[in-house]
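Colleague: Okay, here's the structure, questions in a sec.
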Amino acid sequence: MELSLSARGSCCSCSSHLRLFPLQVLTMAEDLIAAVASQTKRLNSSSEVVQRLEENGHQNKRLKSDADEEDAEDQNKKSPKRKIVLLMAYSGKGYHGMQRNVGSSQFKTIEDDLVSALVQSGCIPENHGEDMKKMSFQRCARTDKGVSAAGQIVSLKVRLIDDILEKINNHLPSHIRILGLKRVTGGFNSKNKCDARTYSYMLPTFAFAHKDHQVQEELFRLDTETLERVNKLLACYKGTHNFHNFTSQKGPRDPSAKRYIMEMYCGEPFVRENMEFAVIKVKGQSFMMHQIRKMIGLVIAIVKGYAAESIMERSWGEEKVDVPKAPGLGLVLETVHFEKYNRRFGNDGLHEPLEWTEEEEKIAVFKEQYIYPTIINTEREEKSMANWLNTLPIHDFNSSAVEMQTNNKNSKKSSDIEGSDGCGDDSD
């Protein structure tokens with residue numbers, strides 16, 4: 001029986017151990033699972049860190065490339081807007097004048113290309129290009145179809161970004177250049193502050209050959225006596241005169257038809273491409289539409305023998321006179337003058353005088369590269385002066401007012417097709 005009890009006790013002990021063992025195993029298993037989970041968590045964490053580092057590396061590269069563009073945009077936004085003037089030079093061939101016609105893409109103008117360059121360079125916001133009043137844009141003179149400029153001035157508000165001239169020119173065609181920039185007063189207006197404008201007119205000298213003389217265009221050379229007569233006639237324009245016969249839609253008693261001419265003369269002739277040319281220069285307070293071309297056209301008509309010298313005095317009176325209009329080719333806006341502004345603000349310590357002595361060499365180079373070759377080549381190819389000279393016999397330089405009304409209607413139709421001479425900086 002003892003044996004039996006002992007055996008039972010042994011069996012109970014064994015049973016107890018059997019019951020405890022699964023608990024230990026379970027505990028050990030739980031500890032192992034927890035350890036594995038912890039290790040896995042650490043490994044996943046390390047993997048995430050590595051992944052983040054890799055992602056950050058790629059992201060940093062993307063951010064760096066984006067940052068350059070954003071920095072440029074930020075610089076433009078932070079750059080202060082200031083009132084400035086730009087000195088422009090351009091060849092006008094192929095353009096329908098200087099002034100932009102917003103909303104009309106049919107006729108391309110110089111300002112179309114300029115505004116596009118200002119927007120692309122970051123000088124002005126895009127909406128300022130659509131509404132030019134927002135940047136207080138004003139041109140000094142409205143050059144017209146085909147007319148070039150060596151010293152046009154525009155005033156506007158821009159962001160003063162770094163390397164501004166270089167950036168604007170990078171977005172302009174080579175035949176339009178910004179040659180200079182200066183700060184001006186906040187209320188500056190390039191048209192209203194301009195005291196005077198100087199234009200030049202380049203023409204072949206055979207235009208002055210007398211009508212009774214047969215000449216070969218390329219062989220003709222202007223003699224000293226004829227040049228002196230040309231300058232004597234041009235000098236008659238100096239002073240204040242009533243130029244109602246030298247424009248359109250102005251009557252003889254319209255006060256705005258009176259204009260003041262400071263100087264007008266023809267320089268010494270020179271030869272280009274085997275043809276002799278000369279340059280007429282005229283400086284005046286302001287000019288009306290067609291005025292300069294008609295002033296030159298009348299002098300040519302007199303020198304060639306189609307009209308008497310007395311017609312000049314008649315043309316300034318109330319009588320209607322038939323004044324021929326020389327071709328637009330050859331007309332160039334040379335310089336605009338701001339003498340009163342310079343006297344008041346040029347030496348105030350805050351602003352510079354609007355003079356361009358340092359830019360004169362660049363202006364001369366531009367004219368030689370783009371303006372003069374265009375005038376010479378176009379004259380040789382299209383013969384605009386020679387063709388116009390053939391129309392002079394049609395004019396009646398002694399016509400009455402009644403006859404002139406008929407001529408005016410025909411002239412208006414012609415001018416609508418051809419366009420004005422670009423001197424209408426303040427024409428109605």
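Identifiers in the structure tokens: chain A, B, ... in order shown; residue index from 1 per chain; ligand index from 1 in order shown.
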Just asking: which residues within stretch 165-222 of chain A are strand (DSSP E or B) according to DSSP, as a list in words?
Modeller: Ile176, Arg177, Ile178, Leu179, Gly180, Leu181, Lys182, Arg183, Ala196, Arg197, Thr198, Tyr199, Ser200, Tyr201, Met202, Leu203 and Pro204 of chain A
Colleague: Generate a file of the selected residues that holds C-alpha atoms, formatted as a PDB file, in the first residue's frame.
Modeller:
ATOM      1  CA  ILE A 176      15.985  96.491 -81.540  1.00  0.00           C
ATOM      2  CA  ARG A 177      18.378  97.413 -78.719  1.00  0.00           C
ATOM      3  CA  ILE A 178      18.147  99.051 -75.312  1.00  0.00           C
ATOM      4  CA  LEU A 179      21.337 101.117 -75.152  1.00  0.00           C
ATOM      5  CA  GLY A 180      20.892 102.930 -71.845  1.00  0.00           C
ATOM      6  CA  LEU A 181      18.850 103.318 -68.659  1.00  0.00           C
ATOM      7  CA  LYS A 182      18.501 106.148 -66.135  1.00  0.00           C
ATOM      8  CA  ARG A 183      16.407 106.801 -63.036  1.00  0.00           C
ATOM      9  CA  ALA A 196      12.565 119.209 -78.627  1.00  0.00           C
ATOM     10  CA  ARG A 197      13.177 116.379 -81.041  1.00  0.00           C
ATOM     11  CA  THR A 198      15.829 115.958 -83.701  1.00  0.00           C
ATOM     12  CA  TYR A 199      15.115 113.885 -86.810  1.00  0.00           C
ATOM     13  CA  SER A 200      17.366 112.999 -89.714  1.00  0.00           C
ATOM     14  CA  TYR A 201      16.385 112.154 -93.264  1.00  0.00           C
ATOM     15  CA  MET A 202      18.823 110.164 -95.401  1.00  0.00           C
ATOM     16  CA  LEU A 203      18.260 110.427 -99.148  1.00  0.00           C
ATOM     17  CA  PRO A 204      20.151 109.812-102.406  1.00  0.00           C
TER      18      PRO A 204
END
Colleague: Can you pull out every residue from stretch 248-374 of chain A that DSSP, working from the backbone, puts in helix (DSSP H, G or I), and format the result as a PyMOL selection string?
Modeller: chain A and resi 255-257+291-303+311-315+339-345+357-374
Colleague: By how many Å are atom CA of A:Asn390 and atom CA of A:Met295 apart?
Modeller: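 Those two atoms sit 18.1 Å apart.
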Colleague: Applying 7 Å and only C-alpha atoms, which residues near A:Lys304 remain after dropping the ones on its own chain fewer than 2 positions away? List them as a list in words.
Modeller: Phe208, Ala209, His210, Lys211, Ile300, Ala301, Ile302 and Tyr306 of chain A
Colleague: Can you pull out the residues contacting A:Ala150? Cut-off 10 Å, using only C-alpha atoms, and skip same-chain residues under 2 positions away; I want them as a list in words.
Modeller: Leu87, Met88, Ala89, Tyr90, Ser91, Ser148, Gln152, Ile153, Ile176, Arg177, Leu179, Tyr199, Ser200, Val332, Leu333, Glu334, Thr335, Val336, Glu360, Lys362, Ile363, Ala364, Phe366, Lys367 and Ile371 of chain A
Colleague: Keeping only N, CA and C atoms, take the residues you just selected and write them out as a compact mmCIF listing (two decimals), in the first residue's frame.
Modeller:
# COMPACT_ATOMS: atom_id res chain seq x y z
N LEU A 87 16.79 104.17 -73.24
CA LEU A 87 17.26 104.69 -74.53
C LEU A 87 17.18 103.55 -75.54
N MET A 88 16.36 103.74 -76.57
CA MET A 88 16.11 102.68 -77.57
C MET A 88 16.66 103.06 -78.93
N ALA A 89 17.11 102.02 -79.64
CA ALA A 89 17.47 102.18 -81.05
C ALA A 89 16.83 101.01 -81.80
N TYR A 90 16.30 101.28 -82.99
CA TYR A 90 15.67 100.21 -83.76
C TYR A 90 15.60 100.56 -85.24
N SER A 91 15.57 99.50 -86.03
CA SER A 91 15.31 99.63 -87.46
C SER A 91 13.83 99.36 -87.66
N SER A 148 12.76 104.51 -88.47
CA SER A 148 13.72 103.99 -87.50
C SER A 148 14.01 105.02 -86.43
N GLN A 152 15.32 106.93 -79.41
CA GLN A 152 13.97 106.97 -78.84
C GLN A 152 14.06 106.83 -77.32
N ILE A 153 13.16 107.51 -76.60
CA ILE A 153 13.12 107.43 -75.14
C ILE A 153 11.72 107.02 -74.70
N ILE A 176 16.52 95.63 -82.60
CA ILE A 176 15.98 96.49 -81.54
C ILE A 176 16.90 96.34 -80.33
N ARG A 177 17.45 97.46 -79.85
CA ARG A 177 18.38 97.41 -78.72
C ARG A 177 18.02 98.47 -77.68
N LEU A 179 19.95 100.69 -75.26
CA LEU A 179 21.34 101.12 -75.15
C LEU A 179 21.66 101.81 -73.83
N TYR A 199 15.25 114.95 -85.83
CA TYR A 199 15.11 113.89 -86.81
C TYR A 199 16.17 114.05 -87.89
N SER A 200 16.52 112.94 -88.53
CA SER A 200 17.37 113.00 -89.71
C SER A 200 16.62 112.34 -90.86
N VAL A 332 14.61 109.11 -89.61
CA VAL A 332 15.12 108.50 -88.37
C VAL A 332 14.97 109.49 -87.21
N LEU A 333 14.42 109.02 -86.10
CA LEU A 333 14.40 109.81 -84.87
C LEU A 333 15.79 109.73 -84.25
N GLU A 334 16.50 110.84 -84.26
CA GLU A 334 17.90 110.86 -83.81
C GLU A 334 18.03 111.08 -82.31
N THR A 335 17.43 112.17 -81.83
CA THR A 335 17.63 112.57 -80.43
C THR A 335 16.38 113.24 -79.90
N VAL A 336 16.11 113.01 -78.62
CA VAL A 336 15.07 113.77 -77.93
C VAL A 336 15.73 114.56 -76.82
N GLU A 360 27.01 107.35 -77.04
CA GLU A 360 27.11 107.82 -78.43
C GLU A 360 27.78 106.81 -79.35
N LYS A 362 27.87 103.52 -79.01
CA LYS A 362 26.95 102.40 -79.24
C LYS A 362 25.86 102.80 -80.24
N ILE A 363 25.40 104.05 -80.15
CA ILE A 363 24.39 104.55 -81.09
C ILE A 363 24.94 104.56 -82.51
N ALA A 364 26.17 105.06 -82.66
CA ALA A 364 26.80 105.14 -83.98
C ALA A 364 26.99 103.75 -84.58
N PHE A 366 25.22 101.05 -83.90
CA PHE A 366 23.91 100.50 -84.26
C PHE A 366 23.43 101.07 -85.60
N LYS A 367 23.60 102.36 -85.81
CA LYS A 367 23.17 102.98 -87.07
C LYS A 367 23.92 102.37 -88.25
N ILE A 371 20.57 100.57 -89.31
CA ILE A 371 19.72 101.61 -89.90
C ILE A 371 20.18 102.00 -91.30
Colleague: Taking 4 positions as the minimum chain separation for residues in the same chain, which residues sit within 12 Å of A:Glu217 when counting only C-alpha atoms? Answer as a ChimeraX atom specification.
Modeller: /A:203-209,213,221-222,273-277,379-380,383,385-386
Colleague: Let me see the file: selected residues, N, CA, C and O atoms, as a short mmCIF file (atom, residue, chain, number, x, y, z; two decimals), in the first residue's frame.
Modeller:
data_model
loop_
_atom_site.label_atom_id
_atom_site.label_comp_id
_atom_site.auth_asym_id
_atom_site.auth_seq_id
_atom_site.Cartn_x
_atom_site.Cartn_y
_atom_site.Cartn_z
N LEU A 203 18.80 110.55 -97.79
CA LEU A 203 18.26 110.43 -99.15
C LEU A 203 19.38 110.40 -100.17
O LEU A 203 20.46 110.95 -99.95
N PRO A 204 19.15 109.78 -101.33
CA PRO A 204 20.15 109.81 -102.41
C PRO A 204 20.19 111.21 -103.01
O PRO A 204 19.15 111.84 -103.20
N THR A 205 21.39 111.69 -103.30
CA THR A 205 21.52 113.08 -103.74
C THR A 205 20.96 113.32 -105.14
O THR A 205 20.70 114.48 -105.51
N PHE A 206 20.73 112.26 -105.94
CA PHE A 206 20.15 112.50 -107.26
C PHE A 206 18.75 113.10 -107.15
O PHE A 206 18.19 113.59 -108.14
N ALA A 207 18.18 113.08 -105.93
CA ALA A 207 16.87 113.71 -105.72
C ALA A 207 16.93 115.21 -105.98
O ALA A 207 15.90 115.82 -106.29
N PHE A 208 18.12 115.81 -105.86
CA PHE A 208 18.27 117.26 -106.06
C PHE A 208 18.68 117.61 -107.49
O PHE A 208 18.86 118.80 -107.81
N ALA A 209 18.82 116.64 -108.38
CA ALA A 209 19.18 116.93 -109.77
C ALA A 209 18.02 117.63 -110.46
O ALA A 209 16.86 117.26 -110.28
N HIS A 213 17.68 117.81 -116.47
CA HIS A 213 18.96 117.12 -116.69
C HIS A 213 18.77 115.61 -116.55
O HIS A 213 18.23 115.13 -115.55
N ARG A 221 26.65 113.15 -108.62
CA ARG A 221 27.33 113.71 -107.47
C ARG A 221 26.85 115.15 -107.26
O ARG A 221 26.79 115.93 -108.21
N LEU A 222 26.49 115.48 -106.05
CA LEU A 222 25.94 116.80 -105.73
C LEU A 222 27.04 117.85 -105.71
O LEU A 222 28.05 117.70 -105.02
N GLU A 273 27.80 102.07 -101.20
CA GLU A 273 27.37 101.09 -102.21
C GLU A 273 27.30 101.75 -103.60
O GLU A 273 26.36 101.53 -104.37
N ASN A 274 28.32 102.57 -103.89
CA ASN A 274 28.45 103.26 -105.19
C ASN A 274 27.37 104.30 -105.45
O ASN A 274 27.27 104.81 -106.58
N MET A 275 26.58 104.62 -104.44
CA MET A 275 25.55 105.66 -104.60
C MET A 275 25.79 106.77 -103.58
O MET A 275 26.14 106.51 -102.44
N GLU A 276 25.61 108.04 -104.02
CA GLU A 276 25.84 109.17 -103.12
C GLU A 276 24.57 109.49 -102.33
O GLU A 276 23.48 109.56 -102.89
N PHE A 277 24.76 109.70 -101.03
CA PHE A 277 23.67 110.06 -100.13
C PHE A 277 24.02 111.32 -99.36
O PHE A 277 25.18 111.74 -99.29
N GLU A 379 16.47 101.30 -100.75
CA GLU A 379 16.44 102.29 -101.83
C GLU A 379 16.91 101.67 -103.14
O GLU A 379 16.32 101.89 -104.20
N ARG A 380 17.96 100.89 -103.06
CA ARG A 380 18.50 100.27 -104.28
C ARG A 380 17.53 99.22 -104.84
O ARG A 380 17.39 99.10 -106.05
N LYS A 383 13.67 101.35 -104.98
CA LYS A 383 13.72 102.65 -105.67
C LYS A 383 12.59 103.58 -105.23
O LYS A 383 11.88 104.17 -106.06
N MET A 385 12.69 106.53 -103.70
CA MET A 385 12.89 107.94 -104.05
C MET A 385 12.72 108.16 -105.55
O MET A 385 12.04 109.12 -105.97
N ALA A 386 13.30 107.28 -106.35
CA ALA A 386 13.19 107.44 -107.80
C ALA A 386 11.73 107.37 -108.25
O ALA A 386 11.28 108.16 -109.10
#
Colleague: I'd like the contact shell of A:Glu339 - 10 Å cut-off, only C-alpha atoms, skipping same-chain residues fewer than 5 positions apart - returned as a VMD selection string.
Modeller: chain A and resid 193 to 196 344 346 353 to 355
Colleague: Extract, using only C-alpha atoms, all DNA, RNA and protein residues at most 8 Å from A:Met264, discarding same-chain residues fewer than 3 positions from it, and format them as a list in words.
Modeller: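 Close residues of A:Met264: Asn231, Leu234, Ala235, Tyr237, Lys238, Ile261, Ile280, Lys281, Val282 and Lys283 of chain A.
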Colleague: A:His351, A:Gln214, A:Phe287, A:Phe338: which is nearest A:Thr185, counting only C-alpha atoms?
Modeller: A:His351
Colleague: Go through A:Lys232, A:His395, A:Lys145, A:Arg259 and flag the residue nearest A:Leu331, using only C-alpha atoms for the distances.
Modeller: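 Checking each candidate against A:Leu331, we get A:Lys145 as the closest.
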Colleague: Between atom CA of A:Leu160 and atom CA of A:His337, what is the distance in Å, rounded to a tenth?
Modeller: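 That distance, rounded to one decimal, is 24.6 Å.
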Colleague: Just checking: using only C-alpha atoms, which residue out of A:Asn192, A:Arg82, A:Val365, A:Tyr265 ends up closest to A:Val279?
Modeller: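 Closest candidate: A:Tyr265.
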Colleague: So, with only C-alpha atoms as the atoms that count, which of A:Lys250, A:Lys167, A:Arg314, A:Lys108 lies closest to A:His96?
Modeller: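 Counting only C-alpha atoms, the residue closest to A:His96 is A:Lys108.
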Colleague: With distances taken over only C-alpha atoms, which residue among A:Arg343, A:Leu350, A:Ala278, A:Leu298 lies nearest A:Leu392?
Modeller: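 Counting only C-alpha atoms, the residue closest to A:Leu392 is A:Leu298.
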